[in-house]
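Visitor: Got a file for you: entry30.csv, CSV, C-alpha atoms and all ligand atoms.
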chain,number,residue,atom,x,y,z
A,2,MET,CA,18.6,-22.8,-6.3
A,3,PRO,CA,19.2,-19.1,-5.4
A,4,THR,CA,16.3,-17.4,-3.7
A,5,LEU,CA,16.3,-13.6,-3.4
A,6,ASN,CA,13.8,-11.5,-1.5
A,7,VAL,CA,11.9,-8.3,-2.4
A,8,ALA,CA,11.8,-6.5,0.9
A,9,LEU,CA,8.4,-4.9,1.0
A,10,GLY,CA,7.5,-5.4,4.6
A,11,GLU,CA,4.3,-7.5,5.0
A,12,ARG,CA,4.2,-7.8,1.2
A,13,GLN,CA,7.7,-9.1,0.8
A,14,TYR,CA,8.1,-12.1,-1.6
A,15,PRO,CA,10.7,-14.5,-2.8
A,16,ILE,CA,12.3,-14.8,-6.3
A,17,HIS,CA,13.3,-18.4,-6.9
A,18,ILE,CA,15.8,-18.8,-9.8
A,19,GLY,CA,17.0,-22.1,-11.1
A,20,SER,CA,16.7,-25.2,-13.3
A,21,GLY,CA,13.7,-27.5,-13.1
A,22,LEU,CA,11.4,-25.1,-11.1
A,23,LEU,CA,8.4,-25.9,-13.3
A,24,GLY,CA,8.3,-29.2,-11.5
A,25,ARG,CA,8.3,-27.6,-8.0
A,26,ALA,CA,4.6,-27.3,-7.2
A,27,ASP,CA,5.6,-27.5,-3.5
A,28,LEU,CA,7.1,-24.0,-3.6
A,29,VAL,CA,3.8,-22.7,-4.8
A,30,ALA,CA,1.3,-24.8,-2.9
A,31,ALA,CA,2.5,-23.4,0.5
A,32,GLU,CA,1.7,-19.9,-0.7
A,33,LEU,CA,-1.9,-20.4,-1.9
A,34,PRO,CA,-4.9,-19.3,0.2
A,35,THR,CA,-6.9,-22.2,-1.4
A,36,PRO,CA,-5.7,-24.9,-3.8
A,37,ARG,CA,-7.2,-23.0,-6.8
A,38,VAL,CA,-5.2,-21.4,-9.5
A,39,ALA,CA,-5.9,-19.7,-12.9
A,40,ILE,CA,-2.9,-19.9,-15.2
A,41,VAL,CA,-2.7,-17.2,-17.9
A,42,SER,CA,-0.4,-18.1,-20.8
A,43,ASN,CA,-0.3,-17.6,-24.5
A,44,GLU,CA,-0.5,-19.6,-27.7
A,45,VAL,CA,3.4,-19.9,-28.0
A,46,VAL,CA,4.3,-20.7,-24.4
A,47,ALA,CA,1.3,-22.9,-23.6
A,48,PRO,CA,2.2,-25.7,-26.0
A,49,LEU,CA,5.8,-25.7,-24.6
A,50,TYR,CA,5.2,-25.5,-20.8
A,51,LEU,CA,1.5,-25.4,-19.8
A,52,ALA,CA,0.9,-29.2,-19.6
A,53,ARG,CA,4.1,-29.8,-17.6
A,54,TRP,CA,3.3,-27.1,-15.1
A,55,THR,CA,-0.4,-27.9,-14.8
A,56,GLY,CA,0.5,-31.6,-14.3
A,57,ALA,CA,2.9,-30.8,-11.4
A,58,LEU,CA,0.3,-28.5,-9.8
A,59,GLN,CA,-2.6,-31.0,-10.2
A,60,ALA,CA,-0.5,-33.7,-8.7
A,61,ALA,CA,-0.2,-31.4,-5.6
A,62,GLY,CA,-4.0,-31.3,-5.4
A,63,ILE,CA,-4.4,-27.9,-7.0
A,64,ARG,CA,-7.4,-27.2,-9.3
A,65,ILE,CA,-6.5,-25.3,-12.4
A,66,THR,CA,-8.3,-22.9,-14.8
A,67,GLU,CA,-6.4,-22.3,-18.0
A,68,VAL,CA,-6.5,-19.1,-20.0
A,69,VAL,CA,-4.5,-19.0,-23.3
A,70,LEU,CA,-4.2,-15.6,-24.9
A,71,PRO,CA,-3.0,-14.6,-28.4
A,72,ASP,CA,0.8,-13.9,-28.6
A,73,GLY,CA,2.5,-10.6,-28.9
A,74,GLU,CA,2.8,-6.9,-27.8
A,75,SER,CA,-0.1,-6.0,-30.1
A,76,SER,CA,-2.3,-8.1,-27.8
A,77,LYS,CA,-1.5,-6.1,-24.7
A,78,ASN,CA,-4.8,-4.3,-24.8
A,79,TRP,CA,-8.3,-4.2,-23.3
A,80,GLU,CA,-9.7,-6.9,-25.5
A,81,THR,CA,-7.2,-9.5,-24.4
A,82,LEU,CA,-7.5,-8.4,-20.8
A,83,ASN,CA,-11.2,-9.0,-21.0
A,84,ARG,CA,-10.6,-12.5,-22.2
A,85,ILE,CA,-8.9,-13.2,-18.8
A,86,PHE,CA,-12.0,-11.8,-16.9
A,87,ASP,CA,-14.3,-13.8,-19.1
A,88,ALA,CA,-12.5,-17.1,-18.4
A,89,LEU,CA,-12.3,-16.3,-14.6
A,90,LEU,CA,-16.0,-15.6,-14.4
A,91,ALA,CA,-17.0,-18.5,-16.6
A,92,ASP,CA,-15.1,-20.9,-14.3
A,93,ARG,CA,-16.4,-19.2,-11.1
A,94,CYS,CA,-13.0,-18.2,-9.9
A,95,ASP,CA,-13.4,-16.5,-6.5
A,96,ARG,CA,-11.3,-14.0,-4.5
A,97,ALA,CA,-9.1,-16.7,-3.1
A,98,THR,CA,-8.1,-18.0,-6.5
A,99,THR,CA,-4.5,-17.3,-7.3
A,100,LEU,CA,-3.8,-15.9,-10.8
A,101,MET,CA,-0.5,-17.1,-12.3
A,102,ALA,CA,1.3,-15.7,-15.3
A,103,LEU,CA,3.2,-18.3,-17.4
A,104,GLY,CA,5.0,-16.4,-20.1
A,105,GLY,CA,7.0,-13.3,-21.0
A,106,GLY,CA,6.4,-9.7,-20.0
A,107,VAL,CA,3.3,-9.3,-22.1
A,108,VAL,CA,1.5,-12.2,-20.4
A,109,GLY,CA,2.9,-11.0,-17.0
A,110,ASP,CA,1.7,-7.4,-17.4
A,111,LEU,CA,-1.7,-8.5,-18.6
A,112,ALA,CA,-2.2,-11.2,-16.0
A,113,GLY,CA,-0.9,-8.9,-13.2
A,114,PHE,CA,-3.4,-6.2,-14.2
A,115,ALA,CA,-6.2,-8.7,-14.2
A,116,ALA,CA,-5.1,-9.9,-10.8
A,117,ALA,CA,-5.0,-6.3,-9.5
A,118,THR,CA,-8.6,-5.6,-10.7
A,119,TYR,CA,-10.5,-8.9,-10.7
A,120,GLN,CA,-12.9,-8.8,-7.7
A,121,ARG,CA,-10.8,-5.8,-6.5
A,122,GLY,CA,-7.6,-7.8,-6.3
A,123,ILE,CA,-6.6,-11.5,-6.0
A,124,PRO,CA,-3.3,-13.2,-5.3
A,125,PHE,CA,-0.8,-13.3,-8.1
A,126,ILE,CA,2.3,-15.4,-8.9
A,127,GLN,CA,4.7,-14.7,-11.8
A,128,VAL,CA,6.3,-17.6,-13.7
A,129,PRO,CA,8.4,-15.8,-16.2
A,130,THR,CA,9.7,-17.6,-19.3
A,131,THR,CA,11.7,-15.0,-21.2
A,132,LEU,CA,15.0,-13.5,-20.2
A,133,LEU,CA,13.4,-10.1,-20.1
A,134,ALA,CA,10.6,-11.3,-17.8
A,135,GLN,CA,13.1,-13.2,-15.6
A,136,VAL,CA,15.4,-10.2,-15.1
A,137,ASP,CA,12.8,-7.4,-15.0
A,138,SER,CA,9.1,-7.4,-15.7
A,139,SER,CA,8.2,-10.2,-13.3
A,140,VAL,CA,9.7,-8.4,-10.3
A,141,GLY,CA,8.3,-5.2,-8.9
A,142,GLY,CA,4.6,-5.2,-9.4
A,143,LYS,CA,4.2,-2.9,-12.4
A,144,THR,CA,1.2,-4.3,-14.4
A,145,GLY,CA,-0.8,-2.9,-17.3
A,146,ILE,CA,-1.7,-2.6,-20.9
A,147,ASN,CA,-0.9,-0.3,-23.8
A,148,HIS,CA,-3.0,2.5,-25.3
A,149,PRO,CA,-2.7,3.4,-29.0
A,150,ARG,CA,-1.3,6.7,-27.9
A,151,GLY,CA,1.2,5.3,-25.4
A,152,LYS,CA,2.9,2.3,-23.9
A,153,ASN,CA,1.8,0.9,-20.6
A,154,MET,CA,-0.5,3.9,-20.1
A,155,ILE,CA,-3.2,2.0,-18.2
A,156,GLY,CA,-2.3,-0.2,-15.3
A,157,ALA,CA,-1.8,-0.7,-11.6
A,158,PHE,CA,0.9,-1.6,-9.1
A,159,TRP,CA,0.2,-5.1,-7.9
A,160,GLN,CA,3.0,-7.1,-6.4
A,161,PRO,CA,3.2,-10.9,-6.9
A,162,ARG,CA,3.4,-13.2,-4.0
A,163,MET,CA,6.3,-15.1,-5.6
A,164,VAL,CA,8.4,-15.2,-8.7
A,165,LEU,CA,9.4,-18.6,-10.0
A,166,ALA,CA,12.0,-18.3,-12.8
A,167,ASP,CA,12.8,-21.6,-14.3
A,168,THR,CA,16.0,-21.0,-16.3
A,169,ASP,CA,15.4,-24.1,-18.4
A,170,THR,CA,12.6,-22.3,-20.2
A,171,LEU,CA,15.2,-20.1,-21.9
A,172,ASN,CA,16.4,-23.1,-23.9
A,173,THR,CA,13.4,-22.6,-26.3
A,174,LEU,CA,13.7,-18.8,-26.4
A,175,PRO,CA,14.4,-17.4,-30.0
A,176,ASP,CA,17.8,-15.6,-30.3
A,177,ARG,CA,16.1,-12.3,-31.0
A,178,GLU,CA,14.2,-12.5,-27.7
A,179,LEU,CA,17.3,-13.5,-25.8
A,180,SER,CA,19.0,-10.3,-27.1
A,181,ALA,CA,15.9,-8.2,-26.1
A,182,GLY,CA,16.2,-9.4,-22.5
A,183,MET,CA,20.0,-8.6,-22.6
A,184,ALA,CA,19.1,-4.9,-23.0
A,185,GLU,CA,17.5,-4.9,-19.6
A,186,VAL,CA,20.4,-6.9,-18.1
A,187,ILE,CA,22.9,-4.3,-19.5
A,188,LYS,CA,20.7,-1.6,-18.0
A,189,TYR,CA,21.4,-2.7,-14.4
A,190,GLY,CA,25.2,-2.4,-15.0
A,191,LEU,CA,24.8,1.0,-16.6
A,192,ILE,CA,22.6,2.6,-14.0
A,193,ARG,CA,24.0,1.3,-10.7
A,194,ASP,CA,26.4,-1.7,-10.9
A,195,LEU,CA,29.8,-0.9,-12.6
A,196,PRO,CA,31.4,-4.3,-11.6
A,197,PHE,CA,28.4,-6.1,-13.2
A,198,LEU,CA,28.8,-3.9,-16.4
A,199,GLU,CA,32.5,-4.9,-16.5
A,200,TRP,CA,31.5,-8.6,-16.0
A,201,LEU,CA,29.1,-8.3,-18.9
A,202,GLU,CA,31.8,-6.8,-21.1
A,203,ASP,CA,34.0,-9.8,-20.3
A,204,ASN,CA,31.2,-12.4,-20.6
A,205,MET,CA,28.9,-11.3,-23.3
A,206,GLY,CA,30.2,-14.1,-25.6
A,207,ARG,CA,29.3,-16.7,-23.0
A,208,LEU,CA,25.8,-15.2,-22.4
A,209,MET,CA,25.0,-15.1,-26.1
A,210,ALA,CA,26.2,-18.7,-26.4
A,211,ARG,CA,23.6,-19.5,-23.6
A,212,ASP,CA,26.2,-20.7,-21.1
A,213,PRO,CA,23.9,-21.8,-18.2
A,214,GLU,CA,26.3,-20.7,-15.5
A,215,ALA,CA,26.7,-17.2,-17.0
A,216,LEU,CA,23.0,-16.8,-17.7
A,217,SER,CA,22.1,-17.8,-14.1
A,218,PHE,CA,24.6,-15.4,-12.7
A,219,ALA,CA,23.3,-12.5,-14.9
A,220,ILE,CA,19.7,-13.3,-14.0
A,221,GLU,CA,20.5,-13.4,-10.3
A,222,ARG,CA,22.5,-10.2,-10.3
A,223,SER,CA,19.8,-8.4,-12.3
A,224,CYS,CA,17.1,-9.5,-10.0
A,225,ALA,CA,19.2,-8.5,-6.9
A,226,ASN,CA,19.5,-5.0,-8.4
A,227,LYS,CA,15.9,-4.8,-9.3
A,228,ALA,CA,14.7,-6.0,-5.9
A,229,GLU,CA,16.9,-3.4,-4.1
A,230,VAL,CA,15.6,-0.6,-6.3
A,231,VAL,CA,11.9,-1.6,-5.9
A,232,ALA,CA,12.3,-2.0,-2.1
A,233,GLY,CA,13.6,1.5,-2.0
A,234,ASP,CA,11.0,3.2,-4.1
A,235,GLU,CA,8.1,0.8,-4.8
A,236,ARG,CA,5.8,3.3,-6.5
A,237,GLU,CA,8.4,5.4,-8.3
A,238,THR,CA,7.6,8.4,-6.2
A,239,ALA,CA,11.2,9.4,-5.3
A,240,LYS,CA,11.8,13.0,-6.4
A,241,GLU,CA,15.3,12.2,-7.6
A,242,GLY,CA,16.6,8.8,-8.9
A,243,GLY,CA,14.8,5.9,-7.3
A,244,ARG,CA,12.8,3.4,-9.4
A,245,ALA,CA,12.6,5.8,-12.3
A,246,LEU,CA,16.3,4.9,-13.0
A,247,LEU,CA,15.1,1.5,-14.2
A,248,ASN,CA,13.8,3.3,-17.2
A,249,LEU,CA,17.1,4.2,-18.8
A,250,GLY,CA,16.5,4.3,-22.5
A,251,HIS,CA,12.8,3.7,-22.0
A,252,THR,CA,11.4,7.1,-22.8
A,253,PHE,CA,13.2,7.1,-26.2
A,254,GLY,CA,12.4,3.4,-26.6
A,255,HIS,CA,8.7,3.7,-25.9
A,256,ALA,CA,8.6,6.5,-28.6
A,257,ILE,CA,10.1,3.9,-31.0
A,258,GLU,CA,7.6,1.2,-30.0
A,259,THR,CA,4.6,3.4,-30.2
A,260,GLY,CA,5.8,5.3,-33.3
A,261,VAL,CA,6.5,2.2,-35.5
A,262,GLY,CA,3.5,0.3,-34.1
A,263,TYR,CA,3.4,-2.2,-31.2
A,264,GLY,CA,5.2,-5.5,-32.0
A,265,GLU,CA,7.4,-4.2,-34.8
A,266,TRP,CA,10.4,-3.5,-32.6
A,267,LEU,CA,10.7,-5.7,-29.5
A,268,HIS,CA,10.6,-3.8,-26.3
A,269,GLY,CA,14.3,-4.7,-25.5
A,270,GLU,CA,15.4,-3.6,-29.0
A,271,ALA,CA,13.7,-0.2,-28.5
A,272,VAL,CA,15.3,0.1,-25.1
A,273,ALA,CA,18.7,-0.6,-26.6
A,274,ALA,CA,18.5,2.1,-29.2
A,275,GLY,CA,17.0,4.4,-26.6
A,276,THR,CA,19.9,3.7,-24.2
A,277,VAL,CA,22.4,4.8,-26.9
A,278,MET,CA,20.3,8.0,-27.2
A,279,ALA,CA,20.4,8.5,-23.5
A,280,ALA,CA,24.2,7.9,-23.4
A,281,GLU,CA,24.7,10.3,-26.3
A,282,LEU,CA,22.6,13.0,-24.6
A,283,SER,CA,24.7,12.4,-21.4
A,284,ARG,CA,27.8,13.1,-23.5
A,285,ARG,CA,26.3,16.3,-24.9
A,286,LEU,CA,25.7,17.4,-21.3
A,287,GLY,CA,29.4,16.8,-20.6
A,288,TRP,CA,28.9,13.8,-18.2
A,289,LEU,CA,30.1,11.0,-20.5
A,290,ALA,CA,33.2,10.8,-22.7
A,291,LYS,CA,32.9,9.7,-26.3
A,292,SER,CA,34.7,6.5,-25.3
A,293,ASP,CA,32.0,5.8,-22.7
A,294,VAL,CA,29.3,6.1,-25.4
A,295,ASP,CA,31.3,3.8,-27.6
A,296,ARG,CA,31.5,1.3,-24.8
A,297,VAL,CA,27.7,1.4,-24.3
A,298,ARG,CA,27.1,1.0,-28.1
A,299,ASP,CA,29.7,-1.8,-28.4
A,300,LEU,CA,28.2,-3.9,-25.6
A,301,LEU,CA,24.7,-3.6,-26.9
A,302,ALA,CA,25.9,-4.4,-30.4
A,303,ARG,CA,27.7,-7.5,-29.0
A,304,ALA,CA,24.3,-8.6,-27.6
A,305,ALA,CA,23.0,-8.3,-31.2
A,306,LEU,CA,20.8,-5.4,-30.3
A,307,PRO,CA,20.0,-2.3,-32.5
A,308,VAL,CA,22.1,0.8,-31.7
A,309,ILE,CA,20.5,3.0,-34.3
A,310,GLY,CA,16.9,4.3,-33.7
A,311,ALA,CA,13.9,4.1,-36.0
A,312,PRO,CA,13.8,7.0,-38.5
A,313,LEU,CA,10.7,8.7,-37.1
A,314,GLY,CA,12.2,12.2,-37.2
A,315,ALA,CA,13.1,14.1,-34.0
A,316,ALA,CA,9.8,16.0,-34.0
A,317,ARG,CA,7.8,12.7,-33.8
A,318,TYR,CA,10.1,11.4,-31.1
A,319,LEU,CA,9.6,14.5,-29.0
A,320,ASP,CA,5.8,14.4,-29.5
A,321,LEU,CA,5.6,10.8,-28.4
A,322,MET,CA,8.1,11.4,-25.5
A,323,GLY,CA,5.7,14.1,-24.3
A,324,HIS,CA,3.2,11.4,-23.4
A,325,ASP,CA,5.7,9.6,-21.1
A,326,LYS,CA,4.7,8.8,-17.6
A,327,LYS,CA,7.8,10.7,-16.4
A,328,VAL,CA,6.4,14.0,-17.7
A,329,VAL,CA,5.5,16.0,-14.6
A,330,ALA,CA,3.8,19.4,-15.0
A,331,GLY,CA,4.8,19.5,-18.6
A,332,ARG,CA,8.5,18.8,-17.9
A,333,LEU,CA,10.1,15.6,-19.3
A,334,ARG,CA,12.3,13.9,-16.7
A,335,LEU,CA,14.9,11.8,-18.5
A,336,VAL,CA,17.0,9.1,-17.1
A,337,LEU,CA,20.6,9.9,-18.1
A,338,LEU,CA,24.1,8.7,-17.1
A,339,LYS,CA,26.3,10.7,-14.8
A,340,ARG,CA,29.0,8.2,-15.5
A,341,LEU,CA,29.0,4.5,-16.4
A,342,GLY,CA,27.5,2.7,-13.5
A,343,GLU,CA,25.6,5.7,-12.2
A,344,ALA,CA,22.3,7.1,-13.5
A,345,CYS,CA,20.3,10.2,-12.6
A,346,THR,CA,16.9,11.7,-13.4
A,347,TYR,CA,17.2,15.1,-15.1
A,348,ALA,CA,14.5,17.5,-16.2
A,349,ASP,CA,16.7,20.3,-17.5
A,350,ALA,CA,18.2,18.9,-20.7
A,351,PRO,CA,18.0,21.7,-23.3
A,352,PRO,CA,15.5,20.7,-26.1
A,353,ASP,CA,18.2,21.3,-28.7
A,354,ALA,CA,20.5,18.8,-27.1
A,355,VAL,CA,17.7,16.2,-26.9
A,356,ARG,CA,16.9,16.8,-30.5
A,357,ALA,CA,20.6,16.5,-31.6
A,358,ALA,CA,21.0,13.3,-29.5
A,359,ILE,CA,18.0,11.7,-31.2
A,360,GLU,CA,19.1,12.8,-34.7
A,361,GLY,CA,22.7,11.6,-34.0
A,362,CYS,CA,21.5,8.2,-33.1
A,363,CYS,CA,18.9,7.6,-36.0
A,364,ALA,CA,19.5,6.3,-39.5
A,401,LIG,P1,6.8,-11.2,-24.8
A,401,LIG,O1,6.1,-11.5,-23.5
A,401,LIG,O2,6.1,-10.8,-26.0
A,401,LIG,O3,7.7,-12.6,-25.1
A,401,LIG,C1,8.5,-12.6,-26.2
A,401,LIG,C2,8.1,-13.7,-27.2
A,401,LIG,O4,8.7,-14.9,-26.7
A,401,LIG,C3,6.7,-14.0,-27.3
A,401,LIG,O5,6.4,-14.4,-28.7
A,401,LIG,C4,6.4,-15.1,-26.4
A,401,LIG,O6,5.3,-15.8,-26.7
A,401,LIG,C5,7.7,-15.9,-26.6
A,401,LIG,N1,8.1,-16.8,-25.4
A,401,LIG,C6,8.0,-16.5,-24.1
A,401,LIG,N2,8.6,-17.4,-23.4
A,401,LIG,C7,9.1,-18.3,-24.3
A,401,LIG,C8,9.9,-19.5,-24.2
A,401,LIG,N3,10.4,-19.9,-23.0
A,401,LIG,N4,10.3,-20.1,-25.3
A,401,LIG,C9,9.9,-19.6,-26.6
A,401,LIG,N5,9.2,-18.5,-26.7
A,401,LIG,C10,8.8,-17.9,-25.6
A,401,LIG,O7,8.0,-10.1,-24.5
A,401,LIG,P2,9.0,-9.9,-23.3
A,401,LIG,O8,10.2,-9.4,-23.9
A,401,LIG,O9,9.1,-11.1,-22.4
A,401,LIG,O10,8.3,-8.7,-22.5
A,401,LIG,C11,8.1,-7.5,-23.1
A,401,LIG,C12,6.9,-6.8,-22.3
A,401,LIG,O11,7.3,-6.6,-21.0
A,401,LIG,C13,6.6,-5.4,-22.9
A,401,LIG,O12,5.2,-5.3,-23.0
A,401,LIG,C14,7.1,-4.5,-21.8
A,401,LIG,O13,6.4,-3.3,-21.8
A,401,LIG,C15,7.0,-5.3,-20.6
A,401,LIG,N6,7.8,-4.9,-19.5
A,401,LIG,C16,7.3,-4.8,-18.3
A,401,LIG,C17,8.0,-4.4,-17.2
A,401,LIG,C18,7.4,-4.3,-15.8
A,401,LIG,O14,8.1,-3.9,-14.9
A,401,LIG,N7,6.2,-4.8,-15.7
A,401,LIG,C19,9.4,-4.3,-17.3
A,401,LIG,C20,10.0,-4.5,-18.6
A,401,LIG,C21,9.2,-4.8,-19.7
A,402,LIG,N1,11.0,-1.8,-15.7
A,402,LIG,C1,10.8,-0.6,-14.9
A,402,LIG,C2,10.3,-0.8,-13.6
A,402,LIG,O1,10.0,-1.9,-13.2
A,402,LIG,O2,10.2,0.2,-12.8
Mind turning the file's structure into structure tokens?
Ligand code: NAD
Ligand code: GLY
Guide:
Amino acid sequence: MPTLNVALGERQYPIHIGSGLLGRADLVAAELPTPRVAIVSNEVVAPLYLARWTGALQAAGIRITEVVLPDGESSKNWETLNRIFDALLADRCDRATTLMALGGGVVGDLAGFAAATYQRGIPFIQVPTTLLAQVDSSVGGKTGINHPRGKNMIGAFWQPRMVLADTDTLNTLPDRELSAGMAEVIKYGLIRDLPFLEWLEDNMGRLMARDPEALSFAIERSCANKAEVVAGDERETAKEGGRALLNLGHTFGHAIETGVGYGEWLHGEAVAAGTVMAAELSRRLGWLAKSDVDRVRDLLARAALPVIGAPLGAARYLDLMGHDKKVVAGRLRLVLLKRLGEACTYADAPPDAVRAAIEGCCA
């Protein structure tokens, strides 16, 4: 079982990756302040994995409160968040209770925000069950909910005490969700890890066929990249580069998600189309060759991801992108590619070039 470390000083924590981890209550028990856990899951994941995980924890003497939420991006809101608080209060969960997220990124972001704010903050553990959550959202402490005007607009940084990624859970993941996670895997190669990008180009067939060895390698390498970036710029405050680079394709992608309505496009799908737009804009700035953009598009397409954006119109994209968290003093800071394997943040892209990149990548 590979174990990585997110090096955040006193708040450092392990990422355990492997098969059969949902039986390993021992890994968790040692980290709990008291043997009391509230597990937040959803109506899709709970029937698959909650009983198994609860059984293992109870056998280790841990008392459990279960919170089962509705499924989907459209439930990443105040109403659903309140359901977590209602359940914690109803079961008299105290400040030493550990909140645990069992599910994908939606459950992880909601449960993490609840952990950050319940009684001013309680311990939190991530048990991610989607590829996207195992390679990205469970690591790094970004938590929160959506607002009708913008994705992830309300939230908090709250690091988990541990990430437990059981790769067996991916066996039940629908193909479309596997692809969505692959968008974030490809992101690491594009922004900072050219050898990994080349490995992905050579192994995308194995990954899409769910070869366990290839998937484990991709998850481990993605988490190693994410852990390094987060350790270097935990709160995304670096003036240049830093954690913001993890948002390649996201500013365009968030505009798609918000513009078409939460849950219509999966987050990873929107990121994929947004990544093509970012690559195309990088080409227009003279940093990438056309053949580089073709490589980006081909790899995403081989992961069965959309490479053409939603037809919102460039004006609507620009309006929605103006709400992005990377807007500072009215200037939009985009994540672009200096070359394949090296990203940068850039606030000086000419509006006409941004508009042309969007229009060139939409139906
Ligand atoms: P998701 O949580 O909606 O999960 C996708 C679907 O798969 C859901 O229907 C879910 O119920 C189901 N599912 C989960 N595990 C399953 C399993 N093992 N078998 C079968 N079905 C399963 O979506 P996601 O792609 O995991 O996460 C997307 C969310 O993550 C977005 O809200 C995005 O904003 C957020 N995100 C957060 C961060 C961060 O750093 N916090 C990073 C990237 C994305
Ligand atoms: N997914 C972007 C980040 O964690 O910063």
Visitor: What's around segment 150-164 of chain A at 8 Å? Count all atoms listed in the file, leave out sequence neighbours fewer than 4 positions away in its own chain, and write the answer as a ChimeraX atom specification.
Guide: /A:12-17,32,113-114,116-117,124-129,139-146,236,255,258-259,321,324-326
Visitor: With a cut-off of 6 Å, could you pull out the residues of chain A touching ligand LIG 401 (chain A) and give me the nearest pair of atoms for each, distance in Å to one decimal, using only C-alpha atoms and all ligand atoms, ordered by chain and ascending number, as CSV?
Guide:
residue,atom,partner,partner_atom,distance
A:Val45,CA,A:LIG401,O6,4.7
A:Val46,CA,A:LIG401,C7,5.4
A:Asp72,CA,A:LIG401,O6,5.2
A:Gly73,CA,A:LIG401,O2,4.6
A:Glu74,CA,A:LIG401,O2,5.4
A:Gly104,CA,A:LIG401,N2,5.0
A:Gly105,CA,A:LIG401,O1,3.2
A:Gly106,CA,A:LIG401,O10,3.3
A:Val107,CA,A:LIG401,O1,3.8
A:Val108,CA,A:LIG401,O1,5.6
A:Asp110,CA,A:LIG401,N7,5.5
A:Thr130,CA,A:LIG401,N2,4.2
A:Thr131,CA,A:LIG401,N2,4.5
A:Leu133,CA,A:LIG401,O9,5.0
A:Ala134,CA,A:LIG401,O9,4.8
A:Asp137,CA,A:LIG401,C19,5.1
A:Ser138,CA,A:LIG401,C19,3.5
A:Lys143,CA,A:LIG401,N7,4.3
A:Thr144,CA,A:LIG401,N7,5.2
A:Thr170,CA,A:LIG401,N3,4.3
A:Leu171,CA,A:LIG401,N3,4.9
A:Thr173,CA,A:LIG401,N4,4.1
A:Leu174,CA,A:LIG401,N4,3.8
A:Glu178,CA,A:LIG401,C1,5.9
A:His268,CA,A:LIG401,C13,5.5
Visitor: Got a sec: who's within 12 Å of Ala225 of chain A, counting only C-alpha atoms, leaving out chain neighbours fewer than 3 positions off, as a ChimeraX atom specification?
Guide: /A:3-8,15-18,135-137,140-141,186,189-190,193-194,197,218-222,228-232
Visitor: Here is a test: counting only C-alpha atoms, which residue of A:Ala315, A:Leu286, A:Val38, A:Val336 is nearest to Glu360 of chain A?
Guide: A:Ala315
Visitor: Please provide as a list in words all residues within 12 Å of Trp266 of chain A, with the sequence filter that same-chain residues fewer than 4 positions apart are discarded (counting only C-alpha atoms).
Guide: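 So the residues in contact are Gly73, Glu74, Ser75, Arg177, Glu178, Ala181, Gly254, His255, Ala256, Ile257, Glu258, Thr259, Gly260, Val261, Gly262, Glu270, Ala271, Val272, Ala273, Ala274, Gly275, Leu306, Pro307, Gly310 and Ala311 of chain A.
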Visitor: Let me make sure I understand: among A:Thr238, A:Ser292, A:Ser283, A:Thr81, which one has the smallest atom-to-atom distance to ligand LIG 402 (chain A) if we use only C-alpha atoms and all ligand atoms?
Guide: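 Of A:Thr238, A:Ser292, A:Ser283, A:Thr81, the one nearest ligand LIG 402 (chain A) is A:Thr238, counting only C-alpha atoms and all ligand atoms.
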Visitor: Using only C-alpha atoms, can you tell me which of A:Leu289, A:Leu179, A:Leu337, A:Met278 comes closest to Asn248 of chain A?
Guide: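 That would be A:Leu337, the residue with the smallest distance to Asn248 of chain A.
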Visitor: Which neighbours of Ala91 of chain A fall inside 12 Å, counting only C-alpha atoms, when residues of the same chain fewer than 6 positions from it are skipped, and could you give them as a list in words?
Guide: Ala39, Thr66, Glu67, Val68, Asn83, Arg84 and Ile85 of chain A
Visitor: Choose the residue, out of A:Lys227, A:Arg317, A:His148, A:Lys240, that has the smallest atom-to-atom separation from ligand LIG 402 (chain A); count only C-alpha atoms and all ligand atoms.
Guide: A:Lys227
Visitor: Can you tell me how far atom CA of Asp234 of chain A sits from atom CA of Leu333 of chain A, in Å to one decimal?
Guide: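 It comes out at 19.6 Å.
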Visitor: Looking at only C-alpha atoms and all ligand atoms, which of A:Lys188, A:Arg298, A:Lys77, A:Arg285 is the one that sits closest to ligand LIG 402 (chain A)?
Guide: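 So, comparing all the options, the nearest one is A:Lys188.
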Visitor: Tell me which residues come within 10 Å of (25.2, -10.8, -29.1), as a list in words, counting only C-alpha atoms in the file's coordinates.
Guide: Asp176, Arg177, Leu179, Ser180, Met183, Met205, Gly206, Arg207, Leu208, Met209, Ala210, Leu300, Leu301, Ala302, Arg303, Ala304, Ala305 and Leu306 of chain A
Visitor: Between atom CA of Trp54 of chain A and atom CA of Gly24 of chain A, measure the distance and give it in Å to one decimal.
Guide: 6.5 Å
Visitor: Could you tell me which of A:Leu246, A:Ala358, A:Leu191, A:Ile40 comes closest to ligand LIG 402 (chain A) if we count only C-alpha atoms and all ligand atoms?
Guide: A:Leu246
Visitor: As an exercise, work out the distance from atom CA of Val297 of chain A to atom CA of Ile187 of chain A in Å and give it to one decimal place.
Guide: 8.9 Å
Visitor: Asp169 of chain A: which residues within 12 Å, counting all atoms listed in the file, same-chain residues fewer than 6 positions away excluded, as a list in words?
Guide: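 Near Asp169 of chain A, the qualifying residues are Ile18, Gly19, Ser20, Gly21, Leu22, Leu23, Gly24, Leu49, Tyr50, Pro129, Thr130, Thr131, Leu132, Gln135, Arg211, Asp212, Pro213, Glu214, Leu216 and Ser217 of chain A.
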Visitor: Using 8 Å of padding on each side, determine the axis-aligned box around all atoms of segment 232-247 of chain A present in the file and give its centre and edge lengths in Å to one decimal, as JSON.
Guide:
{"center_x": 11.2, "center_y": 5.5, "center_z": -8.1, "size_x": 26.8, "size_y": 31.0, "size_z": 28.2}
